[in-house]
>>> print(open('work30.txt').read())   # compact mmCIF, C-alpha atoms
# COMPACT_ATOMS: atom_id res chain seq x y z
CA MET W 9 0.00 0.00 0.00
CA LYS W 10 1.51 3.31 -1.07
CA VAL W 11 2.04 6.22 1.30
CA ILE W 12 1.16 9.75 0.15
CA ASN W 13 1.44 13.26 1.47
CA PRO W 14 -2.05 14.81 1.08
CA MET W 15 -0.64 18.32 0.72
CA ASN W 16 1.47 17.19 -2.24
CA VAL W 17 -1.66 15.79 -3.91
CA ILE W 18 -3.45 19.12 -3.51
CA ASP W 19 -0.43 21.23 -4.48
CA ASN W 20 0.06 19.35 -7.76
CA SER W 21 -3.62 18.87 -8.64
CA LYS W 22 -5.35 20.17 -11.76
CA ILE W 23 -8.36 22.48 -11.57
CA SER W 24 -11.43 20.25 -11.54
CA SER W 25 -15.16 20.50 -10.83
CA PHE W 26 -14.28 20.04 -7.15
CA HIS W 27 -12.29 23.27 -7.20
CA VAL W 28 -14.87 25.12 -9.31
CA TRP W 29 -17.71 24.38 -6.89
CA LEU W 30 -15.60 25.17 -3.84
CA ILE W 31 -14.45 28.48 -5.30
CA THR W 32 -18.04 29.34 -6.31
CA TRP W 33 -19.53 28.81 -2.86
CA LEU W 34 -16.69 30.52 -1.01
CA PHE W 35 -16.96 33.42 -3.47
CA LEU W 36 -20.69 33.79 -2.72
CA VAL W 37 -20.13 33.67 1.05
CA ILE W 38 -17.52 36.42 0.82
CA ALA W 39 -19.76 38.42 -1.55
CA PHE W 40 -22.46 38.66 1.10
CA ASP W 41 -19.81 39.41 3.72
CA GLY W 42 -18.92 42.46 1.60
CA TYR W 43 -22.58 43.35 1.10
CA ASP W 44 -23.27 43.27 4.84
CA VAL W 45 -20.27 45.47 5.65
CA VAL W 46 -20.87 48.15 3.01
CA VAL W 47 -24.65 48.34 3.31
CA TYR W 48 -24.27 50.26 6.58
CA GLY W 49 -22.17 53.01 5.01
CA ALA W 50 -24.62 53.29 2.13
CA SER W 51 -27.56 53.66 4.53
CA VAL W 52 -25.90 55.97 7.09
CA PRO W 53 -27.32 59.22 5.59
CA SER W 54 -30.82 57.72 5.70
CA LEU W 55 -30.41 56.45 9.27
CA ILE W 56 -29.10 59.84 10.44
CA GLN W 57 -32.12 61.54 8.87
CA GLU W 58 -34.73 59.07 10.17
CA TRP W 59 -33.48 58.64 13.75
CA GLY W 60 -31.94 62.09 14.19
CA ILE W 61 -28.60 60.69 15.36
CA SER W 62 -25.30 62.57 15.11
CA ASP W 63 -22.29 61.74 12.94
CA VAL W 64 -20.45 60.60 16.08
CA THR W 65 -23.27 58.21 17.06
CA ALA W 66 -23.44 56.81 13.53
CA GLY W 67 -19.66 56.32 13.61
CA ALA W 68 -19.90 54.64 17.01
CA ILE W 69 -22.43 52.11 15.66
CA GLY W 70 -19.97 51.32 12.89
CA SER W 71 -17.22 50.90 15.47
CA TYR W 72 -19.36 48.62 17.66
CA THR W 73 -19.96 46.41 14.64
CA VAL W 74 -16.23 46.10 14.05
CA ILE W 75 -15.69 45.20 17.72
CA GLY W 76 -17.95 42.24 16.96
CA THR W 77 -15.86 41.34 13.91
CA ALA W 78 -12.66 41.46 16.00
CA LEU W 79 -14.17 39.09 18.56
CA GLY W 80 -15.37 36.81 15.78
CA ALA W 81 -11.95 36.72 14.12
CA VAL W 82 -10.24 35.63 17.35
CA ILE W 83 -12.89 33.23 18.64
CA PHE W 84 -13.65 31.44 15.39
CA GLY W 85 -10.07 31.57 14.13
CA MET W 86 -8.97 29.47 17.10
CA LEU W 87 -12.17 27.41 17.41
CA SER W 88 -11.75 26.15 13.84
CA ASP W 89 -8.65 24.21 14.89
CA LYS W 90 -10.88 22.30 17.32
CA ILE W 91 -14.16 21.74 15.46
CA GLY W 92 -13.16 22.26 11.82
CA ARG W 93 -13.27 25.06 9.29
CA LYS W 94 -16.38 23.83 7.47
CA LYS W 95 -18.58 24.03 10.58
CA ILE W 96 -17.26 27.49 11.40
CA ILE W 97 -17.92 28.80 7.88
CA ILE W 98 -21.52 27.57 8.00
CA LEU W 99 -22.14 28.86 11.53
CA THR W 100 -20.70 32.30 10.84
CA THR W 101 -22.56 32.58 7.53
CA PHE W 102 -25.79 32.01 9.44
CA LEU W 103 -24.86 34.62 12.05
CA PHE W 104 -23.97 37.47 9.72
CA SER W 105 -26.88 36.79 7.33
CA PHE W 106 -29.61 36.37 9.92
CA PHE W 107 -28.68 39.31 12.11
CA THR W 108 -28.03 41.70 9.23
CA MET W 109 -31.51 40.81 7.97
CA LEU W 110 -32.92 41.47 11.45
CA SER W 111 -31.25 44.90 11.42
CA GLY W 112 -33.80 45.87 8.78
CA PHE W 113 -36.55 45.35 11.37
CA ALA W 114 -34.92 47.51 14.08
CA THR W 115 -37.03 50.41 15.29
CA GLY W 116 -34.23 52.43 16.84
CA PRO W 117 -30.45 52.81 17.01
CA ILE W 118 -29.94 50.66 20.14
CA LEU W 119 -31.61 47.50 18.82
CA PHE W 120 -30.02 48.15 15.43
CA ALA W 121 -26.56 48.33 17.04
CA VAL W 122 -27.13 45.05 18.94
CA PHE W 123 -28.08 43.22 15.73
CA ARG W 124 -25.08 44.73 13.91
CA ILE W 125 -22.66 43.62 16.66
CA ILE W 126 -23.88 40.01 16.51
CA ALA W 127 -23.71 40.09 12.72
CA GLY W 128 -20.19 41.47 13.08
CA ILE W 129 -19.14 38.42 15.09
CA GLY W 130 -20.12 36.26 12.14
CA LEU W 131 -18.46 38.59 9.63
CA GLY W 132 -15.20 38.48 11.56
CA GLY W 133 -15.22 34.70 11.93
CA VAL W 134 -16.02 33.72 8.35
CA MET W 135 -13.19 35.50 6.54
CA PRO W 136 -10.07 33.85 8.09
CA ASN W 137 -11.62 30.41 7.73
CA VAL W 138 -12.56 30.94 4.10
CA ILE W 139 -9.01 32.12 3.39
CA ALA W 140 -7.50 29.13 5.19
CA LEU W 141 -9.76 26.61 3.42
CA ALA W 142 -9.21 28.20 0.00
CA THR W 143 -5.45 28.22 0.56
CA GLU W 144 -5.38 24.56 1.59
CA PHE W 145 -7.37 23.27 -1.39
CA SER W 146 -5.87 25.44 -4.14
CA PRO W 147 -3.17 24.01 -6.44
CA LYS W 148 0.13 25.62 -5.55
CA ARG W 149 0.82 27.22 -8.94
CA VAL W 150 -2.39 29.30 -8.84
CA ARG W 151 -2.94 29.59 -5.09
CA SER W 152 -2.50 33.35 -4.81
CA ALA W 153 -4.73 33.96 -7.83
CA ILE W 154 -7.54 31.74 -6.49
CA VAL W 155 -7.50 33.24 -2.99
CA SER W 156 -7.44 36.75 -4.47
CA PHE W 157 -10.30 35.88 -6.84
CA ILE W 158 -12.45 34.55 -4.00
CA PHE W 159 -11.95 37.82 -2.20
CA CYS W 160 -13.10 39.73 -5.25
CA GLY W 161 -16.44 38.45 -3.97
CA TYR W 162 -16.18 40.99 -1.15
CA SER W 163 -16.01 43.82 -3.67
CA ILE W 164 -18.81 42.32 -5.78
CA GLY W 165 -20.99 42.23 -2.68
CA ALA W 166 -19.98 45.76 -1.74
CA LEU W 167 -20.75 46.92 -5.29
CA ALA W 168 -24.16 45.24 -5.05
CA ALA W 169 -24.78 47.05 -1.75
CA ALA W 170 -23.98 50.41 -3.35
CA LEU W 171 -26.11 49.82 -6.44
CA THR W 172 -29.01 48.31 -4.47
CA SER W 173 -28.96 51.20 -2.01
CA ARG W 174 -28.85 53.72 -4.84
CA SER W 175 -31.97 52.09 -6.31
CA LEU W 176 -33.99 51.34 -3.17
CA LEU W 177 -33.15 54.06 -0.65
CA PRO W 178 -34.93 56.94 -2.48
CA THR W 179 -38.03 54.82 -3.22
CA VAL W 180 -38.73 52.28 -0.46
CA GLY W 181 -36.35 53.27 2.34
CA TRP W 182 -33.40 51.59 4.04
CA GLU W 183 -35.10 48.52 5.55
CA PRO W 184 -35.37 46.32 2.40
CA VAL W 185 -31.65 46.84 1.74
CA TYR W 186 -30.97 44.91 4.96
CA TRP W 187 -33.64 42.28 4.34
CA LEU W 188 -31.79 41.19 1.20
CA ALA W 189 -28.86 40.19 3.40
CA GLY W 190 -30.84 37.11 4.46
CA ILE W 191 -30.37 35.45 1.04
CA PRO W 192 -27.32 33.37 2.18
CA LEU W 193 -29.59 31.52 4.63
CA LEU W 194 -30.87 29.72 1.53
CA PHE W 195 -27.31 28.64 0.70
CA ILE W 196 -26.66 26.72 3.92
CA PRO W 197 -27.94 23.29 2.71
CA PHE W 198 -25.68 23.62 -0.36
CA LEU W 199 -22.72 24.68 1.76
CA LEU W 200 -23.18 21.61 3.93
CA LYS W 201 -23.03 19.41 0.84
CA SER W 202 -20.40 21.17 -1.26
CA ILE W 203 -17.76 22.57 1.11
CA PRO W 204 -15.21 19.96 2.24
CA GLU W 205 -13.58 19.82 5.62
CA SER W 206 -9.87 20.52 5.87
CA VAL W 207 -7.92 17.36 5.01
CA GLY W 208 -5.31 18.22 7.62
CA PHE W 209 -8.04 18.58 10.25
CA LEU W 210 -9.64 15.25 9.28
CA ILE W 211 -6.34 13.38 9.50
CA ASP W 212 -5.53 15.03 12.81
CA LYS W 213 -8.92 13.91 14.20
CA GLY W 214 -8.46 10.33 12.94
CA LYS W 215 -11.10 10.64 10.19
CA GLU W 216 -8.80 9.22 7.51
CA GLU W 217 -11.55 7.61 5.43
CA GLU W 218 -13.29 10.95 4.99
CA ALA W 219 -9.94 12.53 4.09
CA ARG W 220 -9.38 9.81 1.44
CA LYS W 221 -12.77 10.53 -0.15
CA THR W 222 -11.95 14.23 -0.37
CA LEU W 223 -8.54 13.58 -1.94
CA MET W 224 -10.05 11.20 -4.49
CA LYS W 225 -12.40 14.00 -5.59
CA ILE W 226 -9.35 16.20 -6.12
CA ASP W 227 -7.29 13.49 -7.86
CA PRO W 228 -9.51 10.68 -9.27
CA SER W 229 -6.39 8.64 -10.19
CA LEU W 230 -6.06 7.79 -6.49
CA LYS W 231 -9.06 5.45 -6.91
CA ASN W 232 -6.91 3.19 -9.06
CA GLY W 233 -4.09 0.96 -7.89
CA GLY W 234 -5.48 -0.03 -4.50
CA GLY W 235 -5.64 1.92 -1.28
CA PHE W 236 -3.19 4.39 0.20
CA GLU W 237 -2.08 5.64 3.57
CA PHE W 238 -1.04 9.10 4.72
CA VAL W 239 2.40 10.10 5.85
CA LYS W 240 2.36 10.60 9.56
CA PRO W 241 1.97 14.29 10.35
CA PRO W 242 4.60 15.73 12.67
CA ALA W 243 3.59 15.81 16.30
CA LYS W 244 2.17 19.15 17.36
CA ASP W 245 4.38 21.13 19.65
CA PRO W 246 2.84 22.06 22.98
CA GLY W 247 2.10 25.70 23.65
CA SER W 248 -0.16 28.51 22.50
CA PRO W 249 -0.66 28.71 18.72
CA VAL W 250 -0.48 32.51 18.93
CA VAL W 251 2.94 32.33 20.61
CA LYS W 252 4.18 30.15 17.75
CA LEU W 253 3.56 33.02 15.32
CA PHE W 254 6.55 34.72 16.94
CA GLU W 255 8.89 31.72 16.74
CA ASP W 256 11.35 30.69 14.00
CA LYS W 257 12.36 34.30 13.24
CA ARG W 258 8.76 35.27 12.40
CA ALA W 259 8.26 37.80 15.25
CA LEU W 260 9.03 40.99 13.29
CA SER W 261 7.00 39.89 10.28
CA THR W 262 4.05 38.93 12.49
CA VAL W 263 3.98 42.39 14.07
CA MET W 264 4.36 44.07 10.67
CA PHE W 265 1.50 42.00 9.23
CA TRP W 266 -0.65 43.14 12.14
CA VAL W 267 0.27 46.82 11.63
CA SER W 268 -0.30 46.69 7.86
CA CYS W 269 -3.66 44.97 8.40
CA PHE W 270 -4.57 47.65 10.97
CA SER W 271 -3.76 50.30 8.36
CA ALA W 272 -5.72 48.57 5.62
CA PHE W 273 -8.79 48.26 7.86
CA VAL W 274 -8.61 51.96 8.75
CA LEU W 275 -8.80 52.66 5.03
CA ILE W 276 -11.53 50.10 4.35
CA TYR W 277 -13.85 51.05 7.21
CA SER W 278 -13.29 54.79 6.82
CA MET W 279 -14.31 54.59 3.18
CA ASN W 280 -17.02 51.92 3.51
CA THR W 281 -18.72 53.78 6.37
CA TRP W 282 -18.21 57.39 5.37
CA LEU W 283 -17.44 57.70 1.64
CA PRO W 284 -21.00 58.74 0.66
CA ARG W 285 -21.05 61.27 3.51
CA LEU W 286 -17.54 62.56 2.69
CA MET W 287 -18.43 63.03 -0.98
CA MET W 288 -21.68 64.80 -0.03
CA GLN W 289 -19.56 67.12 2.11
CA SER W 290 -17.47 67.77 -1.02
CA GLY W 291 -20.56 68.95 -2.89
CA TYR W 292 -22.02 65.81 -4.50
CA ASP W 293 -25.60 64.58 -3.99
CA LEU W 294 -26.49 61.20 -2.42
CA SER W 295 -26.94 59.42 -5.76
CA SER W 296 -23.52 60.56 -7.02
CA SER W 297 -21.92 59.71 -3.68
CA LEU W 298 -23.24 56.14 -3.85
CA ALA W 299 -21.84 55.94 -7.39
CA PHE W 300 -18.40 56.70 -5.90
CA THR W 301 -18.86 53.73 -3.56
CA ALA W 302 -19.60 51.52 -6.56
CA VAL W 303 -16.52 52.83 -8.43
CA MET W 304 -14.34 52.14 -5.40
CA GLN W 305 -15.46 48.51 -5.40
CA ILE W 306 -14.84 48.20 -9.14
CA GLY W 307 -11.31 49.46 -8.49
CA ALA W 308 -10.94 46.84 -5.76
CA ILE W 309 -12.07 44.05 -8.09
CA VAL W 310 -9.82 45.07 -10.98
CA GLY W 311 -6.92 45.67 -8.62
CA THR W 312 -7.34 42.29 -6.94
CA ILE W 313 -7.41 40.43 -10.25
CA ILE W 314 -4.48 42.27 -11.84
CA PHE W 315 -2.23 42.49 -8.80
CA GLY W 316 -3.25 39.04 -7.56
CA ARG W 317 -1.77 37.58 -10.74
CA LEU W 318 1.24 39.87 -10.53
CA VAL W 319 2.32 38.64 -7.09
CA ASP W 320 2.78 35.13 -8.51
CA LYS W 321 5.36 36.60 -10.87
CA ILE W 322 7.26 39.21 -8.85
CA GLY W 323 6.35 38.56 -5.20
CA PHE W 324 3.99 40.01 -2.63
CA LYS W 325 6.05 42.89 -1.24
CA LYS W 326 6.91 44.32 -4.67
CA VAL W 327 3.17 44.69 -5.26
CA LEU W 328 1.79 45.57 -1.82
CA VAL W 329 4.26 48.27 -0.76
CA PRO W 330 3.80 50.48 -3.88
CA LEU W 331 0.04 49.89 -3.73
CA PHE W 332 -0.15 51.26 -0.17
CA PHE W 333 1.80 54.37 -1.21
CA CYS W 334 -0.39 54.89 -4.31
CA GLY W 335 -3.42 54.81 -2.02
CA ALA W 336 -1.89 57.51 0.20
CA ILE W 337 -1.25 59.73 -2.84
CA ALA W 338 -4.77 59.21 -4.23
CA LEU W 339 -6.36 60.09 -0.88
CA SER W 340 -4.25 63.24 -0.66
CA PHE W 341 -5.57 64.47 -4.02
CA ILE W 342 -9.21 63.34 -3.93
CA GLY W 343 -10.34 66.38 -1.93
CA LEU W 344 -8.58 68.82 -4.26
CA THR W 345 -10.33 68.03 -7.54
CA ASN W 346 -13.65 69.32 -8.85
CA SER W 347 -13.62 66.95 -11.83
CA MET W 348 -15.87 63.93 -11.40
CA ALA W 349 -13.85 61.97 -13.98
CA ILE W 350 -10.58 62.52 -12.07
CA ALA W 351 -12.36 61.77 -8.79
CA PHE W 352 -13.59 58.45 -10.23
CA VAL W 353 -10.00 57.51 -11.19
CA LEU W 354 -8.66 58.42 -7.75
CA ILE W 355 -11.48 56.56 -5.99
CA SER W 356 -10.80 53.44 -8.07
CA ILE W 357 -7.12 53.62 -7.04
CA ILE W 358 -8.21 53.92 -3.43
CA GLY W 359 -10.39 50.82 -3.88
CA ALA W 360 -7.42 48.84 -5.24
CA ALA W 361 -5.19 50.16 -2.44
CA SER W 362 -7.62 49.29 0.36
CA VAL W 363 -10.02 46.40 -0.24
CA GLY W 364 -8.01 45.02 -3.17
CA LEU W 365 -4.77 45.30 -1.24
CA GLN W 366 -6.21 43.53 1.80
CA ASN W 367 -7.47 40.69 -0.40
CA ILE W 368 -3.92 40.12 -1.66
CA SER W 369 -2.43 40.61 1.80
CA ASN W 370 -4.73 37.85 3.11
CA ALA W 371 -3.17 35.51 0.55
CA PHE W 372 0.29 36.64 1.68
CA VAL W 373 -0.42 35.84 5.34
CA SER W 374 -2.05 32.50 4.49
CA GLN W 375 1.07 31.38 2.62
CA TYR W 376 3.62 32.87 5.00
CA TYR W 377 2.76 30.53 7.89
CA PRO W 378 2.70 26.70 8.00
CA SER W 379 -0.68 24.99 7.58
CA SER W 380 -0.81 24.02 11.27
CA MET W 381 -1.05 27.66 12.35
CA ARG W 382 -2.69 29.22 9.27
CA SER W 383 -6.12 29.84 10.82
CA THR W 384 -4.55 31.26 13.96
CA ALA W 385 -2.27 33.53 11.91
CA LEU W 386 -5.13 34.84 9.78
CA GLY W 387 -7.50 35.17 12.74
CA SER W 388 -5.01 37.08 14.91
CA THR W 389 -3.83 39.31 12.05
CA MET W 390 -7.36 40.25 11.11
CA ALA W 391 -8.36 40.66 14.76
CA PHE W 392 -5.59 43.22 15.22
CA GLY W 393 -6.57 44.77 11.92
CA ARG W 394 -10.13 45.12 13.15
CA ILE W 395 -8.85 47.53 15.79
CA GLY W 396 -8.28 49.87 12.86
CA GLY W 397 -11.81 49.14 11.76
CA ILE W 398 -13.07 49.96 15.26
CA VAL W 399 -11.20 53.25 15.42
CA ALA W 400 -11.91 54.43 11.86
CA PRO W 401 -15.71 55.04 11.82
CA THR W 402 -15.70 57.01 15.08
CA PHE W 403 -12.50 58.89 14.15
CA VAL W 404 -13.94 60.07 10.83
CA GLY W 405 -17.21 60.89 12.57
CA PHE W 406 -15.30 63.26 14.87
CA LEU W 407 -13.49 64.75 11.87
CA LEU W 408 -16.83 65.52 10.23
CA THR W 409 -18.08 67.35 13.34
CA MET W 410 -15.03 69.66 13.16
CA ASN W 411 -16.18 71.08 9.79
CA LEU W 412 -12.72 70.84 8.24
CA LEU W 413 -12.16 71.27 4.53
CA PRO W 414 -12.85 67.94 2.73
CA GLN W 415 -9.21 67.52 1.64
CA PHE W 416 -8.02 67.51 5.27
CA ASN W 417 -10.35 64.61 6.09
CA PHE W 418 -9.01 62.58 3.17
CA VAL W 419 -5.37 63.38 4.01
CA ALA W 420 -5.94 62.22 7.60
CA ILE W 421 -7.29 58.90 6.31
CA GLY W 422 -4.39 58.66 3.85
CA GLY W 423 -1.90 58.62 6.74
CA ALA W 424 -3.00 55.03 7.40
CA ALA W 425 -1.93 54.00 3.89
CA LEU W 426 1.51 55.50 4.46
CA LEU W 427 1.86 53.58 7.75
CA GLY W 428 0.76 50.35 6.07
CA GLY W 429 3.33 50.67 3.29
CA ILE W 430 6.15 51.25 5.78
CA ALA W 431 5.06 48.24 7.85
CA MET W 432 4.91 45.98 4.79
CA LEU W 433 8.49 46.99 3.92
CA PHE W 434 9.69 45.30 7.11
CA VAL W 435 8.04 41.91 6.49
CA GLN W 436 10.85 39.36 6.06
CA GLU W 437 9.86 37.12 3.19
CA LYS W 438 12.88 34.84 3.67
CA HIS W 439 11.37 33.44 6.87
CA GLY W 440 8.00 32.58 5.28
CA ASP W 441 6.85 28.98 4.88
CA TYR W 442 6.28 29.37 1.12
CA TYR W 443 9.77 30.92 0.69
CA GLU W 444 11.43 28.03 2.52
CA ALA W 445 9.50 25.57 0.32
CA LYS W 446 10.92 27.30 -2.78
CA ASP W 447 14.43 26.92 -1.38
CA GLU W 448 13.85 23.20 -0.77
CA ILE W 449 12.69 22.72 -4.38
CA LYS W 450 15.72 24.59 -5.68
CA SER W 451 18.01 22.43 -3.56
CA GLU W 452 16.39 19.24 -4.87
CA ASN W 453 16.78 20.40 -8.49
CA ARG W 454 20.33 21.69 -8.08
CA PRO W 455 22.83 19.45 -10.00
CA VAL W 456 25.28 17.55 -7.85
CA ASN W 457 28.96 17.82 -8.72
CA VAL W 458 30.61 14.42 -8.75
CA ALA W 459 34.39 14.31 -8.38
CA LYS W 460 36.12 12.57 -11.24
>>> encode(input="work30.txt", output="C-alpha cells")
Amino acid sequence: MKVINPMNVIDNSKISSFHVWLITWLFLVIAFDGYDVVVYGASVPSLIQEWGISDVTAGAIGSYTVIGTALGAVIFGMLSDKIGRKKIIILTTFLFSFFTMLSGFATGPILFAVFRIIAGIGLGGVMPNVIALATEFSPKRVRSAIVSFIFCGYSIGALAAALTSRSLLPTVGWEPVYWLAGIPLLFIPFLLKSIPESVGFLIDKGKEEEARKTLMKIDPSLKNGGGFEFVKPPAKDPGSPVVKLFEDKRALSTVMFWVSCFSAFVLIYSMNTWLPRLMMQSGYDLSSSLAFTAVMQIGAIVGTIIFGRLVDKIGFKKVLVPLFFCGAIALSFIGLTNSMAIAFVLISIIGAASVGLQNISNAFVSQYYPSSMRSTALGSTMAFGRIGGIVAPTFVGFLLTMNLLPQFNFVAIGGAALLGGIAMLFVQEKHGDYYEAKDEIKSENRPVNVAK
C-alpha cells in the first residue's frame, strides 16, 4: 500500500469541478460578507435623517460592529482548529446573514446596534476560515490567484450594496436593503453538501476515510491501484498557537502583518462607512456619492485580479508596498479636484489600495505561515486589523463634526496607507513557509557535482 502526502496531492492537482464548486460557494459567502459590511455606510445618511442621530453616534455604531468582527476573528479563528473550518464557515454565515436581515426590522439605534454587533461576530469569523480553506485546497501554482479571486467576492458584494442602495433608498427606504442580506440563509444546505472539511483537520482527528474521499475527488487517479495511507503528520508542539507566530524568526513579520492589516482596515472602514457622507460634504448629492462607492469597489475588483496575478510573478512585497503608497497619494488628491472623472479615477485607485490590497495581503499571510497555524495567523492578524476598523468610523465621525475642509479629512485617512506601506516593507519574506519551500525545491533540483 503506497504512502502519500495529502498536501502534495493538492499542491500538484489540476483544476477540476471540485475546485470550481468550492471556489463558487466561497466566493458567494464572501460576496455577502462584503454586502453586509458596506450596506451600513450606504444607509448611514438615511439612518441619520430618520433617527436624528449625530455623525459621532453613527460612527460609534460602525465601530461597535467592528468590535464584533474582532471578537469573531479571534474566537472562530482558534475554534476552527478544534471543530473544523467547514462548521465554522456555516455557523458564521448564518450569524452574519440572519442578524443583518434582522437589522432591517430595528425600530431604533440601540436594537439596530445590537443586531449589527452580533452580525459582526459572524463577519469576523467567516473570513479567516474561508481564506484558510481556500489556501489549503488550491493548487500551488495558482494559489494566490484563487484566494485573491475569491476575495473579489467581497467587492462584488460591496458593489451590489452600493447599487441596491442607490436604487432602493430613495423609493422604499433603508429597511429592504438589509432584508436582502438574508439570502445566504438559503445557501446553507448547499454549503453543507459542497464545502469539504480541511484534510489536515480530518487526518488530525483520525477521520482518515473521509480525508481519502476528499482527496479522491481532487485526484480521481487515487481510486486506481489499491488503497493508500497518509504520511504521519509531525507531532504538534505544545504551547499557544499565537505564541508560535513569533517563533522561528517570524516575530518581526508577524507584528508588521498586524500593523499593515490595521492600516488597511482603517482605510476600508473609513471609506465603507463614510465615503457617501464625505463626498456629499465635497458637494455631491447622495446618488452621485453612492456611485463613488460603486466605483471604489470596481477598483478593488480590478486591482485584486491584476495584482493578484502579478504577485505570482514578482512577489507580494513588490506589489503591496507600492500599492499602499499609491493609495496615500490618491487620498491626498481626492479632496482637491472638482472633476468627477478625475475623482472616479482616484477613488478606483483607493479601492485597489484598500479592499483590493487587503485581499492580496490575506493571501500573503495565508502562505507565510505553516498549515498548522494558518487559521490562527489569519485570525489574529485580522483581529488586530479590526482595531483599525473599530477606530476608523468614530474617528472620521469626529473629523466631520469639526467642519474641516474635505481635503483635510481625506489626508488624515491617507496617513493610514503610508503607515501600512512602511510596515509591509519590514516583512521578512525569507522566513516565510512558502519561501522556505521554494528553497527546498531549488536544492532538490540543483545538480550535484561528482568528483572525477
>>> closest_residue(input="work30.txt", among="W:Arg394, W:Lys201, W:Arg382, W:Lys225", to="Ala272 (chain W)", atoms="only C-alpha atoms")
W:Arg394
>>> residues_around(input="work30.txt", residues="Thr115 (chain W)", least_positions_apart="3", cutoff="12 Å", atoms="only C-alpha atoms", output="ChimeraX atom specification")
/W:55,58-59,110-112,118-123,182-183
>>> atom_distance(input="work30.txt", atom1="CA of Val319 (chain W)", atom2="CA of Phe159 (chain W)")
15.1 Å
>>> residues_around(input="work30.txt", residues="Ser369 (chain W)", least_positions_apart="6", cutoff="10 Å", atoms="all atoms listed in the file", output="list of chain:residue names")
W:Ser152, W:Ser156, W:Phe265, W:Ser268, W:Cys269, W:Ala272, W:Gly316, W:Phe324, W:Lys325, W:Val327, W:Leu328, W:Val363, W:Gln375, W:Met432
>>> write_last_selection(input="work30.txt", atoms="C-alpha atoms", output="compact mmCIF listing (two decimals), keeping the file's coordinate frame")
# COMPACT_ATOMS: atom_id res chain seq x y z
CA SER W 152 -2.50 33.35 -4.81
CA SER W 156 -7.44 36.75 -4.47
CA PHE W 265 1.50 42.00 9.23
CA SER W 268 -0.30 46.69 7.86
CA CYS W 269 -3.66 44.97 8.40
CA ALA W 272 -5.72 48.57 5.62
CA GLY W 316 -3.25 39.04 -7.56
CA PHE W 324 3.99 40.01 -2.63
CA LYS W 325 6.05 42.89 -1.24
CA VAL W 327 3.17 44.69 -5.26
CA LEU W 328 1.79 45.57 -1.82
CA VAL W 363 -10.02 46.40 -0.24
CA GLN W 375 1.07 31.38 2.62
CA MET W 432 4.91 45.98 4.79
>>> residues_near_point(input="work30.txt", point="(-19.5, 32.9, -7.1)", cutoff="12 Å", atoms="all atoms listed in the file", output="PDB file with C-alpha atoms, in the frame of the given file")
ATOM      1  CA  VAL W  28     -14.870  25.120  -9.310  1.00  0.00           C
ATOM      2  CA  TRP W  29     -17.710  24.380  -6.890  1.00  0.00           C
ATOM      3  CA  LEU W  30     -15.600  25.170  -3.840  1.00  0.00           C
ATOM      4  CA  ILE W  31     -14.450  28.480  -5.300  1.00  0.00           C
ATOM      5  CA  THR W  32     -18.040  29.340  -6.310  1.00  0.00           C
ATOM      6  CA  TRP W  33     -19.530  28.810  -2.860  1.00  0.00           C
ATOM      7  CA  LEU W  34     -16.690  30.520  -1.010  1.00  0.00           C
ATOM      8  CA  PHE W  35     -16.960  33.420  -3.470  1.00  0.00           C
ATOM      9  CA  LEU W  36     -20.690  33.790  -2.720  1.00  0.00           C
ATOM     10  CA  VAL W  37     -20.130  33.670   1.050  1.00  0.00           C
ATOM     11  CA  ILE W  38     -17.520  36.420   0.820  1.00  0.00           C
ATOM     12  CA  ALA W  39     -19.760  38.420  -1.550  1.00  0.00           C
ATOM     13  CA  PHE W  40     -22.460  38.660   1.100  1.00  0.00           C
ATOM     14  CA  PHE W 157     -10.300  35.880  -6.840  1.00  0.00           C
ATOM     15  CA  ILE W 158     -12.450  34.550  -4.000  1.00  0.00           C
ATOM     16  CA  PHE W 159     -11.950  37.820  -2.200  1.00  0.00           C
ATOM     17  CA  CYS W 160     -13.100  39.730  -5.250  1.00  0.00           C
ATOM     18  CA  GLY W 161     -16.440  38.450  -3.970  1.00  0.00           C
ATOM     19  CA  TYR W 162     -16.180  40.990  -1.150  1.00  0.00           C
ATOM     20  CA  SER W 163     -16.010  43.820  -3.670  1.00  0.00           C
ATOM     21  CA  ILE W 164     -18.810  42.320  -5.780  1.00  0.00           C
ATOM     22  CA  GLY W 165     -20.990  42.230  -2.680  1.00  0.00           C
ATOM     23  CA  PHE W 195     -27.310  28.640   0.700  1.00  0.00           C
TER      24      PHE W 195
END
>>> residues_around(input="work30.txt", residues="Asp89 (chain W)", least_positions_apart="4", cutoff="8 Å", atoms="all atoms listed in the file", output="list in words")
Gly85, Arg93, Phe209 and Ser383 of chain W
>>> write_last_selection(input="work30.txt", atoms="C-alpha atoms", output="PDB file, keeping the file's coordinate frame")
ATOM      1  CA  GLY W  85     -10.070  31.570  14.130  1.00  0.00           C
ATOM      2  CA  ARG W  93     -13.270  25.060   9.290  1.00  0.00           C
ATOM      3  CA  PHE W 209      -8.040  18.580  10.250  1.00  0.00           C
ATOM      4  CA  SER W 383      -6.120  29.840  10.820  1.00  0.00           C
TER       5      SER W 383
END
>>> closest_residue(input="work30.txt", among="W:Ile23, W:Ala140, W:Ala338, W:Val373", to="Ala360 (chain W)", atoms="all atoms listed in the file")
W:Ala338
>>> residues_around(input="work30.txt", residues="region 133-138 of chain W", least_positions_apart="3", cutoff="10 Å", atoms="all atoms listed in the file", output="VMD selection string")
chain W and resid 31 34 to 35 37 to 38 41 76 to 89 92 to 104 128 to 130 141 to 144 155 158 to 159 162 370 374 382 to 391
